[in-house]
$ cat model-v5.pdb   # PDB, N, CA and C atoms
ATOM      1  N   MET C 157     -11.490 -19.849  10.963
ATOM      2  CA  MET C 157     -10.684 -18.772  11.515
ATOM      3  C   MET C 157      -9.761 -19.346  12.582
ATOM      4  N   VAL C 158      -8.474 -19.103  12.479
ATOM      5  CA  VAL C 158      -7.518 -19.481  13.513
ATOM      6  C   VAL C 158      -7.757 -18.562  14.698
ATOM      7  N   ALA C 159      -7.599 -19.070  15.906
ATOM      8  CA  ALA C 159      -7.963 -18.326  17.107
ATOM      9  C   ALA C 159      -7.217 -17.006  17.270
ATOM     10  N   ASP C 160      -6.022 -16.878  16.727
ATOM     11  CA  ASP C 160      -5.255 -15.651  16.946
ATOM     12  C   ASP C 160      -5.033 -14.844  15.669
ATOM     13  N   ARG C 161      -5.830 -15.109  14.634
ATOM     14  CA  ARG C 161      -5.639 -14.407  13.358
ATOM     15  C   ARG C 161      -6.935 -14.400  12.561
ATOM     16  N   VAL C 162      -7.196 -13.268  11.898
ATOM     17  CA  VAL C 162      -8.356 -13.198  11.014
ATOM     18  C   VAL C 162      -7.976 -12.341   9.804
ATOM     19  N   SER C 163      -8.421 -12.762   8.639
ATOM     20  CA  SER C 163      -8.222 -12.005   7.411
ATOM     21  C   SER C 163      -9.565 -11.899   6.701
ATOM     22  N   LEU C 164      -9.901 -10.679   6.289
ATOM     23  CA  LEU C 164     -11.162 -10.429   5.607
ATOM     24  C   LEU C 164     -10.919  -9.624   4.352
ATOM     25  N   LYS C 165     -11.766  -9.830   3.380
ATOM     26  CA  LYS C 165     -11.785  -9.024   2.167
ATOM     27  C   LYS C 165     -13.223  -8.543   2.032
ATOM     28  N   LEU C 166     -13.433  -7.260   2.322
ATOM     29  CA  LEU C 166     -14.781  -6.706   2.395
ATOM     30  C   LEU C 166     -15.026  -5.700   1.283
ATOM     31  N   LYS C 167     -16.253  -5.680   0.778
ATOM     32  CA  LYS C 167     -16.634  -4.687  -0.229
ATOM     33  C   LYS C 167     -16.746  -3.320   0.436
ATOM     34  N   ASN C 168     -16.647  -2.303  -0.377
ATOM     35  CA  ASN C 168     -16.761  -0.940   0.134
ATOM     36  C   ASN C 168     -18.230  -0.544   0.323
ATOM     37  N   CYS C 169     -18.933  -1.291   1.174
ATOM     38  CA  CYS C 169     -20.321  -0.951   1.524
ATOM     39  C   CYS C 169     -20.463  -1.032   3.038
ATOM     40  N   LEU C 170     -21.273  -0.122   3.556
ATOM     41  CA  LEU C 170     -21.467  -0.067   5.000
ATOM     42  C   LEU C 170     -22.107  -1.338   5.549
ATOM     43  N   SER C 171     -22.825  -2.085   4.712
ATOM     44  CA  SER C 171     -23.421  -3.336   5.179
ATOM     45  C   SER C 171     -22.357  -4.352   5.609
ATOM     46  N   GLU C 172     -21.141  -4.187   5.149
ATOM     47  CA  GLU C 172     -20.046  -5.089   5.524
ATOM     48  C   GLU C 172     -19.594  -4.873   6.971
ATOM     49  N   LEU C 173     -20.057  -3.789   7.603
ATOM     50  CA  LEU C 173     -19.712  -3.549   9.004
ATOM     51  C   LEU C 173     -20.175  -4.687   9.905
ATOM     52  N   SER C 174     -21.278  -5.316   9.566
ATOM     53  CA  SER C 174     -21.760  -6.435  10.391
ATOM     54  C   SER C 174     -20.798  -7.621  10.317
ATOM     55  N   THR C 175     -20.265  -7.882   9.134
ATOM     56  CA  THR C 175     -19.274  -8.961   8.985
ATOM     57  C   THR C 175     -18.021  -8.639   9.788
ATOM     58  N   LEU C 176     -17.556  -7.412   9.665
ATOM     59  CA  LEU C 176     -16.382  -6.979  10.413
ATOM     60  C   LEU C 176     -16.633  -7.110  11.913
ATOM     61  N   GLY C 177     -17.787  -6.648  12.378
ATOM     62  CA  GLY C 177     -18.114  -6.720  13.798
ATOM     63  C   GLY C 177     -18.180  -8.145  14.313
ATOM     64  N   SER C 178     -18.767  -9.041  13.540
ATOM     65  CA  SER C 178     -18.860 -10.454  13.944
ATOM     66  C   SER C 178     -17.484 -11.087  14.084
ATOM     67  N   CYS C 179     -16.630 -10.808  13.131
ATOM     68  CA  CYS C 179     -15.279 -11.374  13.177
ATOM     69  C   CYS C 179     -14.488 -10.820  14.351
ATOM     70  N   LEU C 180     -14.634  -9.524  14.614
ATOM     71  CA  LEU C 180     -13.954  -8.932  15.766
ATOM     72  C   LEU C 180     -14.451  -9.548  17.063
ATOM     73  N   GLU C 181     -15.740  -9.771  17.148
ATOM     74  CA  GLU C 181     -16.325 -10.388  18.344
ATOM     75  C   GLU C 181     -15.762 -11.791  18.554
ATOM     76  N   GLN C 182     -15.718 -12.594  17.501
ATOM     77  CA  GLN C 182     -15.177 -13.959  17.605
ATOM     78  C   GLN C 182     -13.712 -13.944  18.021
ATOM     79  N   LEU C 183     -12.944 -13.049  17.421
ATOM     80  CA  LEU C 183     -11.523 -12.966  17.758
ATOM     81  C   LEU C 183     -11.349 -12.505  19.203
ATOM     82  N   GLY C 184     -12.149 -11.511  19.614
ATOM     83  CA  GLY C 184     -12.059 -11.020  20.987
ATOM     84  C   GLY C 184     -12.346 -12.098  22.013
ATOM     85  N   VAL C 185     -13.371 -12.899  21.740
ATOM     86  CA  VAL C 185     -13.712 -14.003  22.637
ATOM     87  C   VAL C 185     -12.577 -15.032  22.661
ATOM     88  N   ALA C 186     -12.060 -15.378  21.483
ATOM     89  CA  ALA C 186     -10.977 -16.370  21.401
ATOM     90  C   ALA C 186      -9.731 -15.916  22.150
ATOM     91  N   LEU C 187      -9.480 -14.600  22.134
ATOM     92  CA  LEU C 187      -8.286 -14.068  22.812
ATOM     93  C   LEU C 187      -8.543 -13.697  24.265
ATOM     94  N   GLY C 188      -9.799 -13.749  24.689
ATOM     95  CA  GLY C 188     -10.128 -13.397  26.060
ATOM     96  C   GLY C 188     -10.046 -11.901  26.338
ATOM     97  N   LEU C 189     -10.328 -11.085  25.325
ATOM     98  CA  LEU C 189     -10.286  -9.637  25.515
ATOM     99  C   LEU C 189     -11.452  -9.187  26.384
ATOM    100  N   SER C 190     -11.232  -8.156  27.176
ATOM    101  CA  SER C 190     -12.315  -7.608  27.990
ATOM    102  C   SER C 190     -13.344  -6.956  27.075
ATOM    103  N   SER C 191     -14.558  -6.819  27.584
ATOM    104  CA  SER C 191     -15.595  -6.187  26.772
ATOM    105  C   SER C 191     -15.235  -4.736  26.469
ATOM    106  N   LYS C 192     -14.567  -4.052  27.386
ATOM    107  CA  LYS C 192     -14.140  -2.664  27.157
ATOM    108  C   LYS C 192     -13.116  -2.599  26.024
ATOM    109  N   THR C 193     -12.145  -3.470  26.062
ATOM    110  CA  THR C 193     -11.115  -3.497  25.022
ATOM    111  C   THR C 193     -11.733  -3.833  23.671
ATOM    112  N   LEU C 194     -12.599  -4.821  23.646
ATOM    113  CA  LEU C 194     -13.252  -5.212  22.402
ATOM    114  C   LEU C 194     -14.110  -4.069  21.853
ATOM    115  N   PHE C 195     -14.814  -3.366  22.727
ATOM    116  CA  PHE C 195     -15.618  -2.221  22.297
ATOM    117  C   PHE C 195     -14.737  -1.151  21.668
ATOM    118  N   GLU C 196     -13.612  -0.833  22.303
ATOM    119  CA  GLU C 196     -12.710   0.203  21.790
ATOM    120  C   GLU C 196     -12.115  -0.180  20.433
ATOM    121  N   ILE C 197     -11.735  -1.432  20.282
ATOM    122  CA  ILE C 197     -11.198  -1.905  19.008
ATOM    123  C   ILE C 197     -12.285  -1.857  17.932
ATOM    124  N   SER C 198     -13.466  -2.344  18.268
ATOM    125  CA  SER C 198     -14.573  -2.351  17.303
ATOM    126  C   SER C 198     -14.943  -0.942  16.869
ATOM    127  N   LEU C 199     -15.015  -0.022  17.813
ATOM    128  CA  LEU C 199     -15.352   1.362  17.489
ATOM    129  C   LEU C 199     -14.310   1.972  16.557
ATOM    130  N   SER C 200     -13.041   1.740  16.845
ATOM    131  CA  SER C 200     -11.960   2.254  15.989
ATOM    132  C   SER C 200     -12.032   1.673  14.589
ATOM    133  N   MET C 201     -12.254   0.371  14.501
ATOM    134  CA  MET C 201     -12.328  -0.285  13.199
ATOM    135  C   MET C 201     -13.543   0.183  12.403
ATOM    136  N   GLU C 202     -14.678   0.347  13.072
ATOM    137  CA  GLU C 202     -15.874   0.842  12.388
ATOM    138  C   GLU C 202     -15.641   2.245  11.841
ATOM    139  N   GLU C 203     -14.981   3.080  12.617
ATOM    140  CA  GLU C 203     -14.696   4.449  12.181
ATOM    141  C   GLU C 203     -13.750   4.446  10.974
ATOM    142  N   LEU C 204     -12.689   3.676  11.047
ATOM    143  CA  LEU C 204     -11.753   3.590   9.924
ATOM    144  C   LEU C 204     -12.435   3.059   8.670
ATOM    145  N   PHE C 205     -13.173   1.974   8.824
ATOM    146  CA  PHE C 205     -13.839   1.343   7.687
ATOM    147  C   PHE C 205     -14.856   2.291   7.052
ATOM    148  N   SER C 206     -15.681   2.923   7.867
ATOM    149  CA  SER C 206     -16.690   3.827   7.310
ATOM    150  C   SER C 206     -16.065   5.065   6.687
ATOM    151  N   ASN C 207     -14.950   5.549   7.226
ATOM    152  CA  ASN C 207     -14.254   6.689   6.615
ATOM    153  C   ASN C 207     -13.659   6.319   5.256
ATOM    154  N   ILE C 208     -13.118   5.122   5.147
ATOM    155  CA  ILE C 208     -12.588   4.668   3.852
ATOM    156  C   ILE C 208     -13.714   4.662   2.823
ATOM    157  N   ILE C 209     -14.866   4.115   3.201
ATOM    158  CA  ILE C 209     -15.992   4.040   2.276
ATOM    159  C   ILE C 209     -16.522   5.429   1.930
ATOM    160  N   SER C 210     -16.660   6.277   2.934
ATOM    161  CA  SER C 210     -17.266   7.597   2.731
ATOM    162  C   SER C 210     -16.383   8.577   1.971
ATOM    163  N   TYR C 211     -15.067   8.484   2.163
ATOM    164  CA  TYR C 211     -14.185   9.512   1.606
ATOM    165  C   TYR C 211     -13.098   8.968   0.669
ATOM    166  N   GLY C 212     -12.970   7.671   0.555
ATOM    167  CA  GLY C 212     -11.861   7.104  -0.195
ATOM    168  C   GLY C 212     -12.104   6.868  -1.668
ATOM    169  N   TYR C 213     -13.367   6.964  -2.104
ATOM    170  CA  TYR C 213     -13.680   6.621  -3.486
ATOM    171  C   TYR C 213     -14.523   7.703  -4.141
ATOM    172  N   THR C 214     -14.265   7.948  -5.408
ATOM    173  CA  THR C 214     -15.028   8.961  -6.145
ATOM    174  C   THR C 214     -15.946   8.327  -7.187
ATOM    175  N   ASP C 215     -16.012   6.994  -7.199
ATOM    176  CA  ASP C 215     -16.881   6.310  -8.155
ATOM    177  C   ASP C 215     -17.822   5.368  -7.408
ATOM    178  N   ASP C 216     -18.703   4.737  -8.140
ATOM    179  CA  ASP C 216     -19.659   3.803  -7.544
ATOM    180  C   ASP C 216     -19.262   2.344  -7.760
ATOM    181  N   ALA C 217     -18.043   2.125  -8.190
ATOM    182  CA  ALA C 217     -17.571   0.769  -8.445
ATOM    183  C   ALA C 217     -17.345   0.014  -7.132
ATOM    184  N   VAL C 218     -17.309  -1.296  -7.236
ATOM    185  CA  VAL C 218     -16.981  -2.117  -6.080
ATOM    186  C   VAL C 218     -15.470  -2.080  -5.880
ATOM    187  N   HIS C 219     -15.076  -1.780  -4.669
ATOM    188  CA  HIS C 219     -13.665  -1.805  -4.278
ATOM    189  C   HIS C 219     -13.561  -2.758  -3.094
ATOM    190  N   TRP C 220     -12.387  -3.287  -2.878
ATOM    191  CA  TRP C 220     -12.176  -4.242  -1.794
ATOM    192  C   TRP C 220     -11.290  -3.627  -0.728
ATOM    193  N   ILE C 221     -11.663  -3.872   0.504
ATOM    194  CA  ILE C 221     -10.896  -3.421   1.658
ATOM    195  C   ILE C 221     -10.427  -4.674   2.382
ATOM    196  N   LYS C 222      -9.128  -4.807   2.531
ATOM    197  CA  LYS C 222      -8.570  -5.973   3.204
ATOM    198  C   LYS C 222      -8.295  -5.621   4.669
ATOM    199  N   VAL C 223      -8.708  -6.516   5.542
ATOM    200  CA  VAL C 223      -8.488  -6.347   6.971
ATOM    201  C   VAL C 223      -7.747  -7.590   7.467
ATOM    202  N   ALA C 224      -6.623  -7.380   8.113
ATOM    203  CA  ALA C 224      -5.871  -8.489   8.693
ATOM    204  C   ALA C 224      -5.602  -8.149  10.156
ATOM    205  N   ILE C 225      -5.957  -9.070  11.027
ATOM    206  CA  ILE C 225      -5.756  -8.871  12.461
ATOM    207  C   ILE C 225      -5.042 -10.101  12.997
ATOM    208  N   SER C 226      -3.973  -9.863  13.735
ATOM    209  CA  SER C 226      -3.257 -10.990  14.324
ATOM    210  C   SER C 226      -2.853 -10.653  15.753
ATOM    211  N   HIS C 227      -2.625 -11.685  16.512
ATOM    212  CA  HIS C 227      -2.187 -11.550  17.901
ATOM    213  C   HIS C 227      -0.806 -12.185  17.990
ATOM    214  N   GLU C 228       0.186 -11.342  18.226
ATOM    215  CA  GLU C 228       1.574 -11.821  18.253
ATOM    216  C   GLU C 228       2.303 -11.204  19.435
ATOM    217  N   ASP C 229       2.936 -12.040  20.226
ATOM    218  CA  ASP C 229       3.735 -11.588  21.365
ATOM    219  C   ASP C 229       2.977 -10.618  22.272
ATOM    220  N   GLY C 230       1.715 -10.917  22.540
ATOM    221  CA  GLY C 230       0.918 -10.093  23.433
ATOM    222  C   GLY C 230       0.396  -8.799  22.822
ATOM    223  N   MET C 231       0.597  -8.616  21.524
ATOM    224  CA  MET C 231       0.116  -7.410  20.845
ATOM    225  C   MET C 231      -0.923  -7.782  19.797
ATOM    226  N   LEU C 232      -1.895  -6.912  19.624
ATOM    227  CA  LEU C 232      -2.875  -7.061  18.562
ATOM    228  C   LEU C 232      -2.419  -6.183  17.404
ATOM    229  N   ILE C 233      -2.216  -6.777  16.249
ATOM    230  CA  ILE C 233      -1.740  -6.052  15.074
ATOM    231  C   ILE C 233      -2.881  -6.001  14.061
ATOM    232  N   ILE C 234      -3.260  -4.780  13.677
ATOM    233  CA  ILE C 234      -4.377  -4.579  12.765
ATOM    234  C   ILE C 234      -3.874  -3.852  11.530
ATOM    235  N   ARG C 235      -4.198  -4.395  10.367
ATOM    236  CA  ARG C 235      -3.764  -3.795   9.101
ATOM    237  C   ARG C 235      -4.974  -3.684   8.174
ATOM    238  N   LEU C 236      -5.178  -2.481   7.651
ATOM    239  CA  LEU C 236      -6.224  -2.250   6.655
ATOM    240  C   LEU C 236      -5.549  -1.825   5.367
ATOM    241  N   GLU C 237      -6.009  -2.393   4.254
ATOM    242  CA  GLU C 237      -5.499  -2.021   2.936
ATOM    243  C   GLU C 237      -6.676  -1.698   2.032
ATOM    244  N   ASP C 238      -6.552  -0.592   1.296
ATOM    245  CA  ASP C 238      -7.591  -0.230   0.344
ATOM    246  C   ASP C 238      -6.944   0.469  -0.838
ATOM    247  N   ASP C 239      -7.721   0.643  -1.904
ATOM    248  CA  ASP C 239      -7.204   1.328  -3.086
ATOM    249  C   ASP C 239      -7.850   2.705  -3.247
ATOM    250  N   GLY C 240      -8.267   3.263  -2.122
ATOM    251  CA  GLY C 240      -8.922   4.568  -2.137
ATOM    252  C   GLY C 240      -7.930   5.717  -2.233
ATOM    253  N   ILE C 241      -8.494   6.917  -2.267
ATOM    254  CA  ILE C 241      -7.703   8.133  -2.322
ATOM    255  C   ILE C 241      -6.942   8.269  -1.005
ATOM    256  N   PRO C 242      -5.635   8.520  -1.048
ATOM    257  CA  PRO C 242      -4.868   8.677   0.183
ATOM    258  C   PRO C 242      -5.399   9.839   1.029
ATOM    259  N   PHE C 243      -5.412   9.647   2.324
ATOM    260  CA  PHE C 243      -5.856  10.693   3.238
ATOM    261  C   PHE C 243      -4.665  11.545   3.617
ATOM    262  N   ASP C 244      -4.796  12.853   3.474
ATOM    263  CA  ASP C 244      -3.749  13.796   3.860
ATOM    264  C   ASP C 244      -4.307  14.691   4.955
ATOM    265  N   PRO C 245      -3.946  14.445   6.213
ATOM    266  CA  PRO C 245      -4.511  15.215   7.311
ATOM    267  C   PRO C 245      -4.108  16.700   7.286
ATOM    268  N   LEU C 246      -3.131  17.057   6.471
ATOM    269  CA  LEU C 246      -2.698  18.449   6.402
ATOM    270  C   LEU C 246      -3.530  19.267   5.429
ATOM    271  N   LYS C 247      -4.374  18.632   4.638
ATOM    272  CA  LYS C 247      -5.218  19.356   3.680
ATOM    273  C   LYS C 247      -6.641  19.446   4.154
TER
END
$ encode --input "model-v5.pdb" --output "C-alpha cells"
Amino acid sequence: MVADRVSLKLKNCLSELSTLGSCLEQLGVALGLSSKTLFEISLSMEELFSNIISYGYTDDAVHWIKVAISHEDGMLIIRLEDDGIPFDPLK
C-alpha cells in the first residue's frame, strides 16, 4: 500500500468490514490523521458499505465493491463503486 493511496476490491459480505477497517487504520496512521478524524471516516465508510450490502442487491450472488481512497492536495478523496440497485432518496 502506498502511504497516500489505497484501493480495495471487497465482496458484498459484512465480514469484509474488518478488511476495510484495517486498511483505513493503516492509511490514517500513514497520513497522521487524528483518532477523531479516523473514527469519523471509518464510521461513515462502515455505514456506506453495510448499506450497499443490505439494500443494493436482490440476489445471493457475489458482487464486488471497489473502494479507492487517496490523499491529494490536503484532501482525502473517497470513491465507492458497486453494481447494486441505485439509491433514490426521494422514494
$ atom_distance --input "model-v5.pdb" --atom1 "atom C of Glu203 of chain C" --atom2 "atom CA of Cys179 of chain C"
16.0 Å
$ atom_distance --input "model-v5.pdb" --atom1 "atom N of Ser226 of chain C" --atom2 "atom N of Leu199 of chain C"
15.3 Å
$ residues_near_point --input "model-v5.pdb" --point "(-10.6, 14.3, 5.2)" --cutoff "10 Å" --atoms "only C-alpha atoms" --output "PDB file with N, CA and C atoms, in the coordinates of the input"
ATOM      1  N   ASN C 207     -14.950   5.549   7.226  1.00  0.00           N
ATOM      2  CA  ASN C 207     -14.254   6.689   6.615  1.00  0.00           C
ATOM      3  C   ASN C 207     -13.659   6.319   5.256  1.00  0.00           C
ATOM      4  N   ILE C 208     -13.118   5.122   5.147  1.00  0.00           N
ATOM      5  CA  ILE C 208     -12.588   4.668   3.852  1.00  0.00           C
ATOM      6  C   ILE C 208     -13.714   4.662   2.823  1.00  0.00           C
ATOM      7  N   SER C 210     -16.660   6.277   2.934  1.00  0.00           N
ATOM      8  CA  SER C 210     -17.266   7.597   2.731  1.00  0.00           C
ATOM      9  C   SER C 210     -16.383   8.577   1.971  1.00  0.00           C
ATOM     10  N   TYR C 211     -15.067   8.484   2.163  1.00  0.00           N
ATOM     11  CA  TYR C 211     -14.185   9.512   1.606  1.00  0.00           C
ATOM     12  C   TYR C 211     -13.098   8.968   0.669  1.00  0.00           C
ATOM     13  N   GLY C 212     -12.970   7.671   0.555  1.00  0.00           N
ATOM     14  CA  GLY C 212     -11.861   7.104  -0.195  1.00  0.00           C
ATOM     15  C   GLY C 212     -12.104   6.868  -1.668  1.00  0.00           C
ATOM     16  N   PRO C 242      -5.635   8.520  -1.048  1.00  0.00           N
ATOM     17  CA  PRO C 242      -4.868   8.677   0.183  1.00  0.00           C
ATOM     18  C   PRO C 242      -5.399   9.839   1.029  1.00  0.00           C
ATOM     19  N   PHE C 243      -5.412   9.647   2.324  1.00  0.00           N
ATOM     20  CA  PHE C 243      -5.856  10.693   3.238  1.00  0.00           C
ATOM     21  C   PHE C 243      -4.665  11.545   3.617  1.00  0.00           C
ATOM     22  N   ASP C 244      -4.796  12.853   3.474  1.00  0.00           N
ATOM     23  CA  ASP C 244      -3.749  13.796   3.860  1.00  0.00           C
ATOM     24  C   ASP C 244      -4.307  14.691   4.955  1.00  0.00           C
ATOM     25  N   PRO C 245      -3.946  14.445   6.213  1.00  0.00           N
ATOM     26  CA  PRO C 245      -4.511  15.215   7.311  1.00  0.00           C
ATOM     27  C   PRO C 245      -4.108  16.700   7.286  1.00  0.00           C
ATOM     28  N   LEU C 246      -3.131  17.057   6.471  1.00  0.00           N
ATOM     29  CA  LEU C 246      -2.698  18.449   6.402  1.00  0.00           C
ATOM     30  C   LEU C 246      -3.530  19.267   5.429  1.00  0.00           C
ATOM     31  N   LYS C 247      -4.374  18.632   4.638  1.00  0.00           N
ATOM     32  CA  LYS C 247      -5.218  19.356   3.680  1.00  0.00           C
ATOM     33  C   LYS C 247      -6.641  19.446   4.154  1.00  0.00           C
TER      34      LYS C 247
END
$ axis_aligned_box --input "model-v5.pdb" --around "segment 207-220 of chain C" --padding-each-side "4 Å" --output "AutoDock Vina command-line options"
--center_x -15.5 --center_y 2.6 --center_z -0.6 --size_x 16.4 --size_y 21.8 --size_z 23.7
$ atom_distance --input "model-v5.pdb" --atom1 "atom N of Gly184 of chain C" --atom2 "atom N of Lys222 of chain C"
18.6 Å
$ residues_around --input "model-v5.pdb" --residues "Asp239 of chain C" --least-positions-apart "6" --cutoff "8 Å" --atoms "only C-alpha atoms" --output "number ranges by chain"
C: 212, 219-221
$ resolve_selection --input "model-v5.pdb" --expression "the PyMOL selection byres ((chain C and resi 169) around 8)" --output "NGL selection string"
:C and (166-168 or 170-174 or 205-206 or 209 or 218-221)
$ select_by_dssp --input "model-v5.pdb" --residues "chain C" --states "strand (DSSP E or B)" --output "list in words"
Arg161, Val162, Ser163, Leu164, Lys165, Leu166, Lys167, Trp220, Ile221, Lys222, Val223, Ala224, Ile225, Ser226, His227, Glu228, Met231, Leu232, Ile233, Ile234, Arg235, Leu236 and Glu237 of chain C
$ build_atoms --input "model-v5.pdb" --residues "segment 164-186 of chain C" --atoms "N, CA, C and O atoms" --output "mmCIF file, in the frame of the given file"
data_model
loop_
_atom_site.group_PDB
_atom_site.id
_atom_site.type_symbol
_atom_site.label_atom_id
_atom_site.label_comp_id
_atom_site.auth_asym_id
_atom_site.auth_seq_id
_atom_site.Cartn_x
_atom_site.Cartn_y
_atom_site.Cartn_z
ATOM 1 N N LEU C 164 -9.901 -10.679 6.289
ATOM 2 C CA LEU C 164 -11.162 -10.429 5.607
ATOM 3 C C LEU C 164 -10.919 -9.624 4.352
ATOM 4 O O LEU C 164 -9.988 -8.823 4.289
ATOM 5 N N LYS C 165 -11.766 -9.830 3.380
ATOM 6 C CA LYS C 165 -11.785 -9.024 2.167
ATOM 7 C C LYS C 165 -13.223 -8.543 2.032
ATOM 8 O O LYS C 165 -14.113 -9.330 1.715
ATOM 9 N N LEU C 166 -13.433 -7.260 2.322
ATOM 10 C CA LEU C 166 -14.781 -6.706 2.395
ATOM 11 C C LEU C 166 -15.026 -5.700 1.283
ATOM 12 O O LEU C 166 -14.121 -4.949 0.907
ATOM 13 N N LYS C 167 -16.253 -5.680 0.778
ATOM 14 C CA LYS C 167 -16.634 -4.687 -0.229
ATOM 15 C C LYS C 167 -16.746 -3.320 0.436
ATOM 16 O O LYS C 167 -16.963 -3.222 1.637
ATOM 17 N N ASN C 168 -16.647 -2.303 -0.377
ATOM 18 C CA ASN C 168 -16.761 -0.940 0.134
ATOM 19 C C ASN C 168 -18.230 -0.544 0.323
ATOM 20 O O ASN C 168 -18.727 0.396 -0.261
ATOM 21 N N CYS C 169 -18.933 -1.291 1.174
ATOM 22 C CA CYS C 169 -20.321 -0.951 1.524
ATOM 23 C C CYS C 169 -20.463 -1.032 3.038
ATOM 24 O O CYS C 169 -19.900 -1.907 3.674
ATOM 25 N N LEU C 170 -21.273 -0.122 3.556
ATOM 26 C CA LEU C 170 -21.467 -0.067 5.000
ATOM 27 C C LEU C 170 -22.107 -1.338 5.549
ATOM 28 O O LEU C 170 -21.927 -1.654 6.722
ATOM 29 N N SER C 171 -22.825 -2.085 4.712
ATOM 30 C CA SER C 171 -23.421 -3.336 5.179
ATOM 31 C C SER C 171 -22.357 -4.352 5.609
ATOM 32 O O SER C 171 -22.654 -5.273 6.378
ATOM 33 N N GLU C 172 -21.141 -4.187 5.149
ATOM 34 C CA GLU C 172 -20.046 -5.089 5.524
ATOM 35 C C GLU C 172 -19.594 -4.873 6.971
ATOM 36 O O GLU C 172 -18.847 -5.680 7.519
ATOM 37 N N LEU C 173 -20.057 -3.789 7.603
ATOM 38 C CA LEU C 173 -19.712 -3.549 9.004
ATOM 39 C C LEU C 173 -20.175 -4.687 9.905
ATOM 40 O O LEU C 173 -19.514 -4.998 10.891
ATOM 41 N N SER C 174 -21.278 -5.316 9.566
ATOM 42 C CA SER C 174 -21.760 -6.435 10.391
ATOM 43 C C SER C 174 -20.798 -7.621 10.317
ATOM 44 O O SER C 174 -20.548 -8.285 11.323
ATOM 45 N N THR C 175 -20.265 -7.882 9.134
ATOM 46 C CA THR C 175 -19.274 -8.961 8.985
ATOM 47 C C THR C 175 -18.021 -8.639 9.788
ATOM 48 O O THR C 175 -17.494 -9.491 10.505
ATOM 49 N N LEU C 176 -17.556 -7.412 9.665
ATOM 50 C CA LEU C 176 -16.382 -6.979 10.413
ATOM 51 C C LEU C 176 -16.633 -7.110 11.913
ATOM 52 O O LEU C 176 -15.798 -7.661 12.643
ATOM 53 N N GLY C 177 -17.787 -6.648 12.378
ATOM 54 C CA GLY C 177 -18.114 -6.720 13.798
ATOM 55 C C GLY C 177 -18.180 -8.145 14.313
ATOM 56 O O GLY C 177 -17.678 -8.449 15.409
ATOM 57 N N SER C 178 -18.767 -9.041 13.540
ATOM 58 C CA SER C 178 -18.860 -10.454 13.944
ATOM 59 C C SER C 178 -17.484 -11.087 14.084
ATOM 60 O O SER C 178 -17.218 -11.819 15.038
ATOM 61 N N CYS C 179 -16.630 -10.808 13.131
ATOM 62 C CA CYS C 179 -15.279 -11.374 13.177
ATOM 63 C C CYS C 179 -14.488 -10.820 14.351
ATOM 64 O O CYS C 179 -13.755 -11.552 15.023
ATOM 65 N N LEU C 180 -14.634 -9.524 14.614
ATOM 66 C CA LEU C 180 -13.954 -8.932 15.766
ATOM 67 C C LEU C 180 -14.451 -9.548 17.063
ATOM 68 O O LEU C 180 -13.659 -9.840 17.971
ATOM 69 N N GLU C 181 -15.740 -9.771 17.148
ATOM 70 C CA GLU C 181 -16.325 -10.388 18.344
ATOM 71 C C GLU C 181 -15.762 -11.791 18.554
ATOM 72 O O GLU C 181 -15.349 -12.140 19.669
ATOM 73 N N GLN C 182 -15.718 -12.594 17.501
ATOM 74 C CA GLN C 182 -15.177 -13.959 17.605
ATOM 75 C C GLN C 182 -13.712 -13.944 18.021
ATOM 76 O O GLN C 182 -13.286 -14.731 18.870
ATOM 77 N N LEU C 183 -12.944 -13.049 17.421
ATOM 78 C CA LEU C 183 -11.523 -12.966 17.758
ATOM 79 C C LEU C 183 -11.349 -12.505 19.203
ATOM 80 O O LEU C 183 -10.519 -13.043 19.934
ATOM 81 N N GLY C 184 -12.149 -11.511 19.614
ATOM 82 C CA GLY C 184 -12.059 -11.020 20.987
ATOM 83 C C GLY C 184 -12.346 -12.098 22.013
ATOM 84 O O GLY C 184 -11.647 -12.217 23.020
ATOM 85 N N VAL C 185 -13.371 -12.899 21.740
ATOM 86 C CA VAL C 185 -13.712 -14.003 22.637
ATOM 87 C C VAL C 185 -12.577 -15.032 22.661
ATOM 88 O O VAL C 185 -12.150 -15.489 23.725
ATOM 89 N N ALA C 186 -12.060 -15.378 21.483
ATOM 90 C CA ALA C 186 -10.977 -16.370 21.401
ATOM 91 C C ALA C 186 -9.731 -15.916 22.150
ATOM 92 O O ALA C 186 -9.028 -16.728 22.746
#
